[in-house]
$ cat start_31.tsv   # TSV, C-alpha atoms and all ligand atoms
chain	number	residue	atom	x	y	z
A	1	MET	CA	86.99	123.00	70.19
A	2	GLU	CA	86.89	120.86	73.32
A	3	THR	CA	87.75	121.69	76.90
A	4	ILE	CA	90.09	119.16	78.44
A	5	LEU	CA	90.19	118.94	82.21
A	6	PHE	CA	93.13	117.36	83.98
A	7	LEU	CA	91.50	116.25	87.25
A	8	SER	CA	93.31	114.81	90.24
A	9	HIS	CA	93.72	114.76	93.98
A	10	ALA	CA	96.57	117.11	94.79
A	11	ASN	CA	98.99	114.51	96.13
A	12	ALA	CA	98.91	112.00	93.25
A	13	GLY	CA	102.68	112.18	92.62
A	14	LYS	CA	104.17	110.74	89.43
A	15	PRO	CA	100.88	109.37	87.99
A	16	ALA	CA	99.58	112.98	88.06
A	17	LEU	CA	102.63	114.21	86.11
A	18	GLU	CA	102.14	111.46	83.52
A	19	THR	CA	98.43	112.19	83.15
A	20	LEU	CA	98.98	115.93	82.89
A	21	ALA	CA	101.45	115.31	80.05
A	22	ALA	CA	98.84	113.13	78.33
A	23	ALA	CA	96.20	115.85	78.78
A	24	ILE	CA	98.57	118.42	77.25
A	25	SER	CA	99.15	116.13	74.27
A	26	LEU	CA	95.37	115.92	73.75
A	27	LYS	CA	94.84	119.67	73.59
A	28	ARG	CA	94.45	120.75	69.99
A	29	ASP	CA	95.38	124.28	68.88
A	30	ASP	CA	91.83	125.50	69.34
A	31	GLY	CA	91.18	123.54	72.56
A	32	THR	CA	91.42	124.62	76.18
A	33	LEU	CA	93.25	122.86	79.00
A	34	ILE	CA	92.04	123.35	82.58
A	35	VAL	CA	93.65	121.91	85.71
A	36	GLY	CA	91.28	120.82	88.52
A	37	LEU	CA	92.68	119.71	91.86
A	38	PHE	CA	91.22	118.70	95.20
A	39	GLY	CA	92.84	117.97	98.54
A	40	GLU	CA	93.80	119.61	101.80
A	41	ASP	CA	96.12	121.99	99.96
A	42	VAL	CA	95.98	122.40	96.19
A	43	GLN	CA	98.23	125.43	95.75
A	44	THR	CA	101.53	123.51	96.00
A	45	ALA	CA	100.55	121.04	93.28
A	46	ALA	CA	99.06	123.79	91.10
A	47	ASN	CA	102.34	125.73	91.31
A	48	GLN	CA	104.22	122.63	90.20
A	49	PHE	CA	102.04	122.53	87.05
A	50	ALA	CA	102.43	126.29	86.38
A	51	GLY	CA	104.04	125.88	82.97
A	52	CYS	CA	101.55	123.39	81.54
A	53	GLY	CA	99.67	125.94	79.41
A	54	ALA	CA	96.37	125.64	81.33
A	55	ALA	CA	93.86	128.42	80.73
A	56	LYS	CA	92.91	128.24	84.41
A	57	PHE	CA	93.42	126.33	87.61
A	58	LEU	CA	90.39	125.27	89.64
A	59	GLY	CA	90.61	123.93	93.17
A	60	VAL	CA	88.61	122.42	96.00
A	61	ALA	CA	90.69	122.64	99.15
A	62	GLY	CA	90.30	122.11	102.87
A	63	PRO	CA	90.56	119.54	105.65
A	64	ASP	CA	87.39	117.78	104.45
A	65	PHE	CA	89.28	116.76	101.30
A	66	ALA	CA	92.52	115.65	102.93
A	67	GLN	CA	91.69	111.95	103.15
A	68	ALA	CA	90.45	109.64	100.41
A	69	ARG	CA	86.73	109.13	101.02
A	70	TYR	CA	84.12	108.47	98.33
A	71	ALA	CA	81.54	111.05	99.43
A	72	SER	CA	83.86	114.06	99.71
A	73	ASP	CA	86.15	113.11	96.78
A	74	ALA	CA	83.21	112.52	94.43
A	75	ALA	CA	81.52	115.79	95.47
A	76	ALA	CA	84.77	117.73	94.85
A	77	ALA	CA	85.42	116.07	91.49
A	78	GLU	CA	81.83	116.60	90.31
A	79	ALA	CA	82.00	120.30	91.22
A	80	LEU	CA	85.30	120.71	89.37
A	81	VAL	CA	84.05	118.98	86.19
A	82	LYS	CA	80.88	121.09	86.15
A	83	ALA	CA	82.77	124.33	86.86
A	84	ALA	CA	85.19	123.57	84.02
A	85	LYS	CA	82.35	122.57	81.63
A	86	ALA	CA	84.78	119.90	80.53
A	87	ALA	CA	84.21	117.69	77.49
A	88	ILE	CA	87.15	115.39	78.21
A	89	VAL	CA	88.32	114.66	81.74
A	90	VAL	CA	91.69	112.95	82.10
A	91	VAL	CA	92.50	111.49	85.52
A	92	PRO	CA	95.44	109.49	86.87
A	93	ALA	CA	94.36	105.92	87.67
A	94	THR	CA	95.39	106.05	91.32
A	95	SER	CA	93.27	104.02	93.72
A	96	ARG	CA	91.74	107.29	94.95
A	97	MET	CA	90.64	108.41	91.47
A	98	ASN	CA	89.66	104.91	90.31
A	99	ARG	CA	87.24	104.70	93.22
A	100	ILE	CA	85.25	107.77	92.14
A	101	VAL	CA	85.68	108.07	88.38
A	102	SER	CA	82.67	106.04	87.25
A	103	GLY	CA	80.37	107.52	89.91
A	104	VAL	CA	81.37	111.06	88.97
A	105	ALA	CA	80.95	110.29	85.25
A	106	HIS	CA	77.42	109.09	86.00
A	107	ARG	CA	76.59	112.21	88.02
A	108	CYS	CA	77.82	114.39	85.15
A	109	GLY	CA	75.93	112.42	82.49
A	110	GLY	CA	79.18	111.21	80.97
A	111	ARG	CA	80.99	107.93	80.37
A	112	ALA	CA	84.22	106.61	81.84
A	113	ASP	CA	86.97	104.42	80.41
A	114	THR	CA	89.38	102.94	82.93
A	115	HIS	CA	92.75	101.19	82.62
A	116	VAL	CA	93.56	103.31	79.60
A	117	THR	CA	97.14	102.84	78.44
A	118	GLY	CA	97.37	105.42	75.65
A	119	VAL	CA	95.57	108.60	74.58
A	120	SER	CA	95.64	110.38	71.24
A	121	ALA	CA	93.48	112.74	69.23
A	122	THR	CA	91.78	109.73	67.63
A	123	GLY	CA	90.86	107.94	70.86
A	124	VAL	CA	92.27	105.79	73.64
A	125	THR	CA	93.79	102.33	73.88
A	126	ARG	CA	93.40	99.74	76.60
A	127	TRP	CA	93.92	96.02	77.03
A	128	TYR	CA	91.32	93.33	77.58
A	129	TYR	CA	91.28	89.70	78.68
A	130	ARG	CA	94.25	90.10	81.00
A	131	GLN	CA	96.36	92.04	78.51
A	132	ARG	CA	95.90	89.56	75.67
A	133	MET	CA	94.00	91.91	73.33
A	134	GLU	CA	94.51	95.62	72.78
A	135	ALA	CA	91.54	97.78	71.73
A	136	SER	CA	91.31	101.31	70.35
A	137	LEU	CA	88.21	103.16	71.50
A	138	THR	CA	86.56	106.44	70.80
A	139	ARG	CA	83.37	107.99	72.18
A	140	THR	CA	80.99	110.72	71.14
A	141	GLN	CA	79.42	111.00	74.61
A	142	ARG	CA	80.61	113.96	76.67
A	143	PRO	CA	81.96	114.42	79.23
A	144	TRP	CA	84.31	111.53	78.56
A	145	PHE	CA	86.33	110.46	81.60
A	146	ILE	CA	89.64	108.76	80.85
A	147	ALA	CA	91.58	107.10	83.70
A	148	LEU	CA	95.18	106.67	82.52
A	149	ASP	CA	97.12	103.81	84.11
A	150	PRO	CA	100.41	104.77	85.78
A	151	GLY	CA	103.61	104.12	83.83
A	152	CYS	CA	102.06	104.65	80.39
A	153	HIS	CA	103.12	108.20	79.53
A	154	THR	CA	106.29	110.26	79.92
A	155	PRO	CA	105.79	112.53	82.93
A	156	TYR	CA	105.34	116.31	82.67
A	157	THR	CA	108.60	118.11	83.46
A	158	GLY	CA	107.70	121.81	83.11
A	159	GLU	CA	109.11	124.50	85.37
A	160	PRO	CA	107.15	125.29	88.55
A	161	GLY	CA	105.84	128.82	89.16
A	162	THR	CA	103.07	130.61	91.00
A	163	VAL	CA	99.51	130.35	89.76
A	164	THR	CA	96.15	131.67	90.92
A	165	VAL	CA	93.79	128.86	91.84
A	166	GLU	CA	90.08	129.66	91.48
A	167	SER	CA	88.21	128.14	94.40
A	168	VAL	CA	85.16	126.07	93.40
A	169	PRO	CA	82.38	125.82	96.01
A	170	VAL	CA	81.21	122.33	97.02
A	171	THR	CA	78.12	121.36	98.99
A	172	LEU	CA	79.21	118.33	100.95
A	173	PRO	CA	76.66	115.55	101.36
A	174	ALA	CA	76.16	113.94	104.77
A	175	ILE	CA	79.53	112.36	105.57
A	176	ARG	CA	79.16	108.96	107.22
A	177	THR	CA	82.73	107.76	106.84
A	178	THR	CA	85.48	108.93	109.16
A	179	VAL	CA	89.01	108.12	108.11
A	180	THR	CA	90.81	107.18	111.32
A	181	GLY	CA	94.18	106.27	109.83
A	182	VAL	CA	96.02	104.06	107.41
A	183	LYS	CA	97.16	100.51	108.09
A	184	ALA	CA	100.14	99.64	105.92
A	185	PRO	CA	103.06	97.24	106.20
A	186	GLU	CA	106.25	98.49	107.84
A	187	ALA	CA	108.29	100.56	105.38
A	188	SER	CA	111.01	97.88	105.38
A	189	GLN	CA	108.41	95.29	104.33
A	190	GLN	CA	107.04	97.49	101.54
A	191	THR	CA	108.17	95.26	98.69
A	192	ILE	CA	105.88	96.46	95.89
A	193	ARG	CA	107.64	99.38	94.22
A	194	PRO	CA	105.89	100.41	90.99
A	195	ASP	CA	108.66	102.87	90.05
A	196	ALA	CA	111.50	100.33	90.38
A	197	LYS	CA	113.62	99.63	87.29
A	198	LEU	CA	113.53	95.89	88.00
A	199	LEU	CA	110.80	93.42	88.89
A	200	PHE	CA	112.19	90.45	90.82
A	201	VAL	CA	109.80	87.51	90.80
A	202	ALA	CA	110.05	84.61	93.21
A	203	GLY	CA	108.33	81.33	92.43
A	204	ALA	CA	107.35	78.30	94.48
A	205	GLY	CA	110.72	76.62	93.77
A	206	TRP	CA	112.27	78.69	96.58
A	207	THR	CA	110.26	76.65	99.09
A	208	LYS	CA	110.64	73.22	97.45
A	209	LYS	CA	113.03	70.44	98.48
A	210	GLN	CA	116.43	71.04	96.94
A	211	SER	CA	119.15	68.62	95.78
A	212	ASP	CA	120.00	67.70	99.40
A	213	GLY	CA	116.40	66.57	99.97
A	214	GLN	CA	115.71	69.49	102.34
A	215	THR	CA	113.84	72.79	102.05
A	216	HIS	CA	115.78	75.99	102.69
A	217	VAL	CA	113.11	78.62	103.27
A	218	PRO	CA	115.04	80.86	105.73
A	219	GLU	CA	118.01	80.97	103.30
A	220	ALA	CA	115.61	81.76	100.44
A	221	ALA	CA	114.07	84.61	102.45
A	222	ALA	CA	117.52	86.02	103.28
A	223	LEU	CA	118.70	85.83	99.65
A	224	ILE	CA	115.56	87.49	98.29
A	225	MET	CA	115.49	90.26	100.90
A	226	GLY	CA	119.24	90.80	100.51
A	227	PHE	CA	118.77	91.33	96.78
A	228	LEU	CA	115.73	93.60	97.23
A	229	ASN	CA	117.47	95.74	99.84
A	230	ALA	CA	120.56	96.15	97.66
A	231	THR	CA	118.72	96.92	94.42
A	232	LYS	CA	115.37	98.40	95.58
A	233	ALA	CA	113.73	96.13	93.01
A	234	SER	CA	110.01	95.45	93.26
A	235	LEU	CA	108.98	91.99	94.44
A	236	GLY	CA	106.56	89.88	92.44
A	237	SER	CA	105.46	86.32	93.01
A	238	SER	CA	103.88	83.38	91.25
A	239	LYS	CA	100.46	82.26	92.43
A	240	SER	CA	101.80	78.96	93.73
A	241	LEU	CA	104.18	80.69	96.11
A	242	VAL	CA	101.61	83.08	97.61
A	243	ASP	CA	99.05	80.28	97.88
A	244	LEU	CA	101.39	78.13	99.98
A	245	SER	CA	100.55	79.96	103.21
A	246	GLY	CA	96.93	78.82	102.82
A	247	GLU	CA	98.18	75.23	102.55
A	248	GLY	CA	100.07	75.38	105.86
A	249	GLN	CA	103.54	75.12	104.26
A	250	ALA	CA	106.66	77.08	105.19
A	251	VAL	CA	106.35	80.44	103.48
A	252	LEU	CA	108.28	83.61	102.86
A	253	PRO	CA	107.01	85.98	105.57
A	254	PHE	CA	107.12	89.15	103.43
A	255	MET	CA	105.06	87.69	100.56
A	256	SER	CA	101.34	88.35	100.16
A	257	HIS	CA	98.72	87.93	97.45
A	258	LEU	CA	99.35	91.56	96.52
A	259	ASN	CA	102.70	90.45	95.08
A	260	GLN	CA	101.10	87.95	92.69
A	261	VAL	CA	101.80	88.63	89.01
A	262	GLY	CA	99.67	87.05	86.31
A	263	GLN	CA	96.24	86.32	84.99
A	264	THR	CA	94.62	86.52	88.41
A	265	GLY	CA	97.32	88.84	89.75
A	266	SER	CA	98.82	92.11	88.60
A	267	THR	CA	100.41	93.27	85.35
A	268	PRO	CA	103.20	95.54	86.60
A	269	ARG	CA	105.26	97.85	84.38
A	270	HIS	CA	109.04	97.77	84.78
A	271	PRO	CA	111.87	98.10	82.23
A	272	LYS	CA	113.40	94.77	83.34
A	273	GLY	CA	112.28	91.58	85.05
A	274	LEU	CA	114.12	88.64	86.66
A	275	SER	CA	112.17	85.49	87.41
A	276	THR	CA	113.60	82.98	89.88
A	277	CYS	CA	112.37	79.49	90.78
A	278	CYS	CA	109.19	80.10	88.83
A	279	HIS	CA	108.13	77.81	86.00
A	280	GLY	CA	106.86	80.53	83.65
A	281	GLU	CA	103.47	79.03	82.87
A	282	GLU	CA	101.16	81.07	80.67
A	283	PRO	CA	98.76	82.21	83.45
A	284	HIS	CA	101.79	83.70	85.20
A	285	ALA	CA	103.73	84.93	82.14
A	286	VAL	CA	100.68	86.84	80.84
A	287	GLY	CA	101.31	89.27	83.73
A	288	TRP	CA	104.71	90.06	82.18
A	289	ARG	CA	103.10	91.83	79.19
A	290	PHE	CA	104.63	95.19	80.07
A	291	ILE	CA	108.04	94.03	81.30
A	292	GLY	CA	110.70	95.19	78.84
A	293	GLU	CA	113.74	92.91	79.11
A	294	ARG	CA	113.08	89.50	80.71
A	295	ARG	CA	115.45	87.02	82.31
A	296	ALA	CA	114.77	83.86	84.28
A	297	ILE	CA	116.70	81.40	86.43
A	298	ASN	CA	115.37	77.84	86.52
A	299	LEU	CA	116.87	74.39	87.03
A	300	ASP	CA	114.62	73.00	84.32
A	301	PRO	CA	115.74	73.64	80.70
A	302	ASN	CA	112.20	72.72	79.62
A	303	CYS	CA	110.43	75.25	81.83
A	304	GLY	CA	107.90	77.67	80.34
A	305	TRP	CA	110.46	80.48	80.11
A	306	ALA	CA	112.47	78.37	77.65
A	307	ARG	CA	109.53	78.49	75.25
A	308	GLY	CA	110.00	82.02	74.03
A	309	LYS	CA	108.77	83.77	77.18
A	310	THR	CA	112.09	85.26	78.22
A	311	ASP	CA	115.07	86.90	76.51
A	312	VAL	CA	117.66	85.03	78.58
A	313	LEU	CA	117.17	81.82	80.59
A	314	TYR	CA	119.89	80.78	83.02
A	315	VAL	CA	119.56	77.03	83.57
A	316	ALA	CA	121.02	77.13	87.06
A	317	ASP	CA	120.33	76.87	90.77
A	318	ALA	CA	118.79	80.18	91.85
A	319	PHE	CA	120.20	79.75	95.38
A	320	ALA	CA	123.72	79.69	93.94
A	321	VAL	CA	123.14	82.45	91.40
A	322	MET	CA	121.46	84.87	93.79
A	323	SER	CA	124.00	84.30	96.52
A	324	LYS	CA	126.77	85.19	94.02
A	325	VAL	CA	124.79	88.20	92.78
A	326	ASN	CA	124.29	89.46	96.36
A	327	GLU	CA	127.99	88.98	97.04
A	328	LEU	CA	128.84	91.10	93.97
A	329	LEU	CA	126.29	93.73	94.98
A	330	SER	CA	127.68	94.04	98.50
A	331	ALA	CA	131.24	94.29	97.12
A	332	ARG	CA	130.05	97.17	94.93
A	333	THR	CA	128.72	99.24	97.85
B	1	LIG	C1	92.71	80.33	85.93
B	1	LIG	C2	94.13	80.33	86.42
B	1	LIG	C3	94.70	81.53	86.78
B	1	LIG	C4	96.01	81.57	87.23
B	1	LIG	N1	96.55	82.79	87.57
B	1	LIG	C5	97.86	82.84	87.92
B	1	LIG	C6	98.49	84.07	88.22
B	1	LIG	O1	97.86	85.13	88.20
B	1	LIG	N2	99.79	84.06	88.56
B	1	LIG	C7	100.52	82.90	88.63
B	1	LIG	O2	101.71	82.96	88.94
B	1	LIG	N3	99.95	81.74	88.37
B	1	LIG	C8	98.64	81.66	88.03
B	1	LIG	N4	98.08	80.44	87.79
B	1	LIG	C9	98.86	79.23	88.13
B	1	LIG	C10	99.93	78.89	87.12
B	1	LIG	O3	99.34	78.11	86.08
B	1	LIG	C11	101.06	78.08	87.78
B	1	LIG	O4	100.49	77.01	88.48
B	1	LIG	C12	101.92	78.89	88.75
B	1	LIG	O5	102.34	80.08	88.14
B	1	LIG	C13	103.13	78.02	89.10
B	1	LIG	O6	103.94	78.71	90.03
B	1	LIG	P1	105.50	78.45	90.09
B	1	LIG	O7	106.06	78.52	88.73
B	1	LIG	O8	106.06	79.35	91.13
B	1	LIG	O9	105.57	76.99	90.73
B	1	LIG	P2	106.00	75.56	90.10
B	1	LIG	O10	105.18	75.25	88.91
B	1	LIG	O11	105.97	74.65	91.26
B	1	LIG	O12	107.49	75.82	89.61
B	1	LIG	C14	108.57	75.91	90.47
B	1	LIG	C15	109.80	76.04	89.61
B	1	LIG	O13	110.93	76.25	90.44
B	1	LIG	C16	112.03	75.62	89.80
B	1	LIG	N5	113.06	75.45	90.83
B	1	LIG	C17	113.02	74.71	91.96
B	1	LIG	N6	114.17	74.86	92.65
B	1	LIG	C18	114.95	75.70	91.94
B	1	LIG	C19	116.26	76.23	92.13
B	1	LIG	N7	116.99	75.94	93.19
B	1	LIG	N8	116.73	77.07	91.19
B	1	LIG	C20	116.00	77.41	90.09
B	1	LIG	N9	114.76	76.91	89.85
B	1	LIG	C21	114.26	76.08	90.77
B	1	LIG	C22	111.46	74.33	89.25
B	1	LIG	O14	112.27	73.85	88.18
B	1	LIG	C23	110.09	74.79	88.76
B	1	LIG	O15	110.13	75.17	87.40
B	1	LIG	C24	96.76	80.37	87.35
B	1	LIG	C25	96.19	79.17	86.96
B	1	LIG	C26	94.89	79.16	86.51
B	1	LIG	C27	94.28	77.82	86.12
$ encode --input "start_31.tsv" --output "structure tokens"
Amino acid sequence: METILFLSHANAGKPALETLAAAISLKRDDGTLIVGLFGEDVQTAANQFAGCGAAKFLGVAGPDFAQARYASDAAAAEALVKAAKAAIVVVPATSRMNRIVSGVAHRCGGRADTHVTGVSATGVTRWYYRQRMEASLTRTQRPWFIALDPGCHTPYTGEPGTVTVESVPVTLPAIRTTVTGVKAPEASQQTIRPDAKLLFVAGAGWTKKQSDGQTHVPEAAALIMGFLNATKASLGSSKSLVDLSGEGQAVLPFMSHLNQVGQTGSTPRHPKGLSTCCHGEEPHAVGWRFIGERRAINLDPNCGWARGKTDVLYVADAFAVMSKVNELLSART
């Protein structure tokens, strides 16, 4: 009989719902599920999880825990794990939890596995070598901390209710970090949307000389942004395109290295993906591991996508295709 703790900051959103559902699936008939939350207010989130079958709800709440900060987050998480006497601790792999999970595991004498993509009674799965190899792992060491990557489990959908949250005392260490605010791009420039149904990838071709011998970067930017605004797709990029700014070439102003998909970029999860003006070389295409249905537009019938890396390849000019697509999208609305 093992105690499973679902542990999270209170405002973790969808990743928390997915991880809670995974924690529920782990609980055997004779096991116990406990919910542990920290943040400025934990009651609202706890109420949302009311129907999850937890034996109890533990919380660390207050203004000290409002902002992500290693010292206070780790102290809260450690107190919750110890109060729950948890054997297995399942956390959503948000940046806030990822930052503390190994430190807290160490403080509790446990072990942590990160970037987990699946949990079951027999162990966990995760990918290695940039998603080229999948491994199944199990551990005897307890407590075992499991950080579940977002997008890997169906979210919890139980009815909300009202629960009693047991407050867990925390002795805060000396706090040397003051969070003064968050610097983020303007909302309109926020092009990375993990929950989007579609990943739209732009490659370096958008900035290359076209059949008239000229580059058309402003037109490329307008076409890409027009499509993103109409569809709310997430924007990915090839490495070549995001590297161009470092080489002093004309670049798409809304593109940064955070958009890069691939071996040295990200491995996003979306049901569909559309690649445009990108060659589809292996170091890029390896980042498409978790994209369900793939399509690509490229002038070159011998590009990498044509070699089994996409379901449909349109051998066409992406400027022409996307301008027609945007026209159809605006006629629809
Ligand atoms: C160790 C290592 C790690 C790497 N990691 C990554 C990574 O994480 N991510 C990544 O992306 N790359 C990575 N790369 C680089 C990768 O190998 C490629 O160089 C890069 O992906 C190429 O980018 P691209 O396809 O946008 O550009 P290009 O190779 O320049 O391709 C541009 C494409 O645009 C097409 N095109 C041009 N005009 C049009 C048009 N009008 N319509 C349609 N198509 C058009 C061309 O036919 C061409 O295929 C890595 C390489 C190494 C060695």
$ closest_atom_pairs --input "start_31.tsv" --of "chain A" --to "ligand LIG 1 (chain B)" --cutoff "6 Å" --atoms "only C-alpha atoms and all ligand atoms" --output "Markdown table"
| residue | atom | partner | partner_atom | distance |
| --- | --- | --- | --- | --- |
| A:Gly203 | CA | B:LIG1 | O8 | 3.3 |
| A:Ala204 | CA | B:LIG1 | O8 | 3.7 |
| A:Gly205 | CA | B:LIG1 | O13 | 3.4 |
| A:Trp206 | CA | B:LIG1 | N6 | 5.8 |
| A:Ser238 | CA | B:LIG1 | O2 | 3.2 |
| A:Lys239 | CA | B:LIG1 | O2 | 3.8 |
| A:Ser240 | CA | B:LIG1 | O6 | 4.3 |
| A:Leu241 | CA | B:LIG1 | O8 | 5.5 |
| A:Gln260 | CA | B:LIG1 | N2 | 5.8 |
| A:Val261 | CA | B:LIG1 | N2 | 5.0 |
| A:Gly262 | CA | B:LIG1 | O1 | 3.2 |
| A:Gln263 | CA | B:LIG1 | O1 | 3.8 |
| A:Thr264 | CA | B:LIG1 | O1 | 3.5 |
| A:Gly265 | CA | B:LIG1 | O1 | 4.1 |
| A:Cys277 | CA | B:LIG1 | O13 | 3.6 |
| A:Cys278 | CA | B:LIG1 | O7 | 3.5 |
| A:His279 | CA | B:LIG1 | O7 | 3.5 |
| A:Gly280 | CA | B:LIG1 | O7 | 5.5 |
| A:Glu281 | CA | B:LIG1 | O3 | 5.3 |
| A:Pro283 | CA | B:LIG1 | C5 | 4.6 |
| A:His284 | CA | B:LIG1 | C7 | 3.7 |
| A:Ile297 | CA | B:LIG1 | C20 | 5.5 |
| A:Asn298 | CA | B:LIG1 | N9 | 3.5 |
| A:Leu299 | CA | B:LIG1 | N9 | 4.3 |
| A:Asp300 | CA | B:LIG1 | O14 | 4.6 |
| A:Cys303 | CA | B:LIG1 | O15 | 5.6 |
| A:Ala316 | CA | B:LIG1 | C20 | 5.9 |
| A:Asp317 | CA | B:LIG1 | N8 | 3.6 |
| A:Ala318 | CA | B:LIG1 | N8 | 3.8 |
| A:Phe319 | CA | B:LIG1 | N7 | 5.4 |
$ residues_around --input "start_31.tsv" --residues "A:Val163" --least-positions-apart "5" --cutoff "7 Å" --atoms "all atoms listed in the file" --output "list in words"
Ala46, Asn47 and Ala50 of chain A
$ atom_distance --input "start_31.tsv" --atom1 "atom CA of A:Phe57" --atom2 "atom CA of A:Gly110"
21.8 Å
$ closest_residue --input "start_31.tsv" --among "A:Ser8, A:Thr310, A:Ser323, A:Gln43" --to "A:Thr164" --atoms "all atoms listed in the file"
A:Gln43
$ residues_around --input "start_31.tsv" --residues "A:Glu282" --least-positions-apart "3" --cutoff "9 Å" --atoms "only C-alpha atoms" --output "ChimeraX atom specification"
/A:262-263,285-287,304,309
$ axis_aligned_box --input "start_31.tsv" --around "stretch 259-266 of chain A" --padding-each-side "5 Å" --output "lines of an AutoDock Vina configuration file"
center_x = 98.7
center_y = 89.2
center_z = 90.0
size_x = 18.1
size_y = 15.8
size_z = 20.1
$ decode --input "start_31.tsv" --residues "stretch 89-152 of chain A" --atoms "C-alpha atoms" --output "mmCIF file, in the first residue's frame"
data_model
loop_
_atom_site.group_PDB
_atom_site.id
_atom_site.type_symbol
_atom_site.label_atom_id
_atom_site.label_comp_id
_atom_site.auth_asym_id
_atom_site.auth_seq_id
_atom_site.Cartn_x
_atom_site.Cartn_y
_atom_site.Cartn_z
ATOM 1 C CA VAL A 89 5.045 12.153 -5.610
ATOM 2 C CA VAL A 90 3.589 13.086 -8.984
ATOM 3 C CA VAL A 91 4.116 16.674 -10.128
ATOM 4 C CA PRO A 92 3.232 18.548 -13.321
ATOM 5 C CA ALA A 93 6.394 19.427 -15.265
ATOM 6 C CA THR A 94 5.754 23.174 -15.305
ATOM 7 C CA SER A 95 8.828 25.394 -15.196
ATOM 8 C CA ARG A 96 7.980 26.179 -11.559
ATOM 9 C CA MET A 97 7.887 22.507 -10.496
ATOM 10 C CA ASN A 98 10.804 21.461 -12.713
ATOM 11 C CA ARG A 99 12.978 24.017 -10.950
ATOM 12 C CA ILE A 100 12.467 22.471 -7.500
ATOM 13 C CA VAL A 101 11.705 18.795 -8.065
ATOM 14 C CA SER A 102 15.243 17.405 -7.886
ATOM 15 C CA GLY A 103 16.220 19.621 -4.941
ATOM 16 C CA VAL A 104 13.133 18.592 -2.984
ATOM 17 C CA ALA A 105 13.711 14.908 -3.830
ATOM 18 C CA HIS A 106 17.227 15.242 -2.430
ATOM 19 C CA ARG A 107 15.987 16.915 0.764
ATOM 20 C CA CYS A 108 13.472 14.100 1.264
ATOM 21 C CA GLY A 109 16.016 11.342 0.575
ATOM 22 C CA GLY A 110 14.202 10.375 -2.611
ATOM 23 C CA ARG A 111 14.878 10.243 -6.340
ATOM 24 C CA ALA A 112 13.347 12.229 -9.181
ATOM 25 C CA ASP A 113 12.555 11.340 -12.785
ATOM 26 C CA THR A 114 11.820 14.261 -15.077
ATOM 27 C CA HIS A 115 10.339 14.537 -18.578
ATOM 28 C CA VAL A 116 8.167 11.521 -17.878
ATOM 29 C CA THR A 117 5.652 10.894 -20.657
ATOM 30 C CA GLY A 118 3.651 8.003 -19.210
ATOM 31 C CA VAL A 119 2.924 6.481 -15.793
ATOM 32 C CA SER A 120 1.524 3.070 -14.945
ATOM 33 C CA ALA A 121 1.538 0.630 -12.061
ATOM 34 C CA THR A 122 4.667 -0.986 -13.520
ATOM 35 C CA GLY A 123 6.717 2.202 -13.864
ATOM 36 C CA VAL A 124 7.191 5.285 -16.003
ATOM 37 C CA THR A 125 8.260 5.964 -19.570
ATOM 38 C CA ARG A 126 10.391 8.772 -20.934
ATOM 39 C CA TRP A 127 12.395 9.520 -24.049
ATOM 40 C CA TYR A 128 16.144 9.883 -24.393
ATOM 41 C CA TYR A 129 18.572 11.211 -26.990
ATOM 42 C CA ARG A 130 16.183 13.889 -28.235
ATOM 43 C CA GLN A 131 13.165 11.579 -28.421
ATOM 44 C CA ARG A 132 14.926 8.877 -30.425
ATOM 45 C CA MET A 133 14.730 6.151 -27.758
ATOM 46 C CA GLU A 134 11.934 5.427 -25.310
ATOM 47 C CA ALA A 135 12.762 3.840 -21.937
ATOM 48 C CA SER A 136 10.585 2.201 -19.285
ATOM 49 C CA LEU A 137 11.851 2.793 -15.766
ATOM 50 C CA THR A 138 10.971 1.657 -12.315
ATOM 51 C CA ARG A 139 12.505 2.471 -8.930
ATOM 52 C CA THR A 140 12.514 0.938 -5.495
ATOM 53 C CA GLN A 141 13.758 4.131 -3.806
ATOM 54 C CA ARG A 142 11.078 6.132 -2.007
ATOM 55 C CA PRO A 143 9.907 8.820 -2.144
ATOM 56 C CA TRP A 144 9.919 8.674 -5.920
ATOM 57 C CA PHE A 145 9.252 12.025 -7.594
ATOM 58 C CA ILE A 146 7.756 11.856 -11.078
ATOM 59 C CA ALA A 147 7.510 15.044 -13.170
ATOM 60 C CA LEU A 148 4.955 14.408 -15.924
ATOM 61 C CA ASP A 149 5.410 16.436 -19.113
ATOM 62 C CA PRO A 150 2.374 18.471 -20.210
ATOM 63 C CA GLY A 151 0.221 17.024 -22.994
ATOM 64 C CA CYS A 152 0.850 13.375 -22.089
#
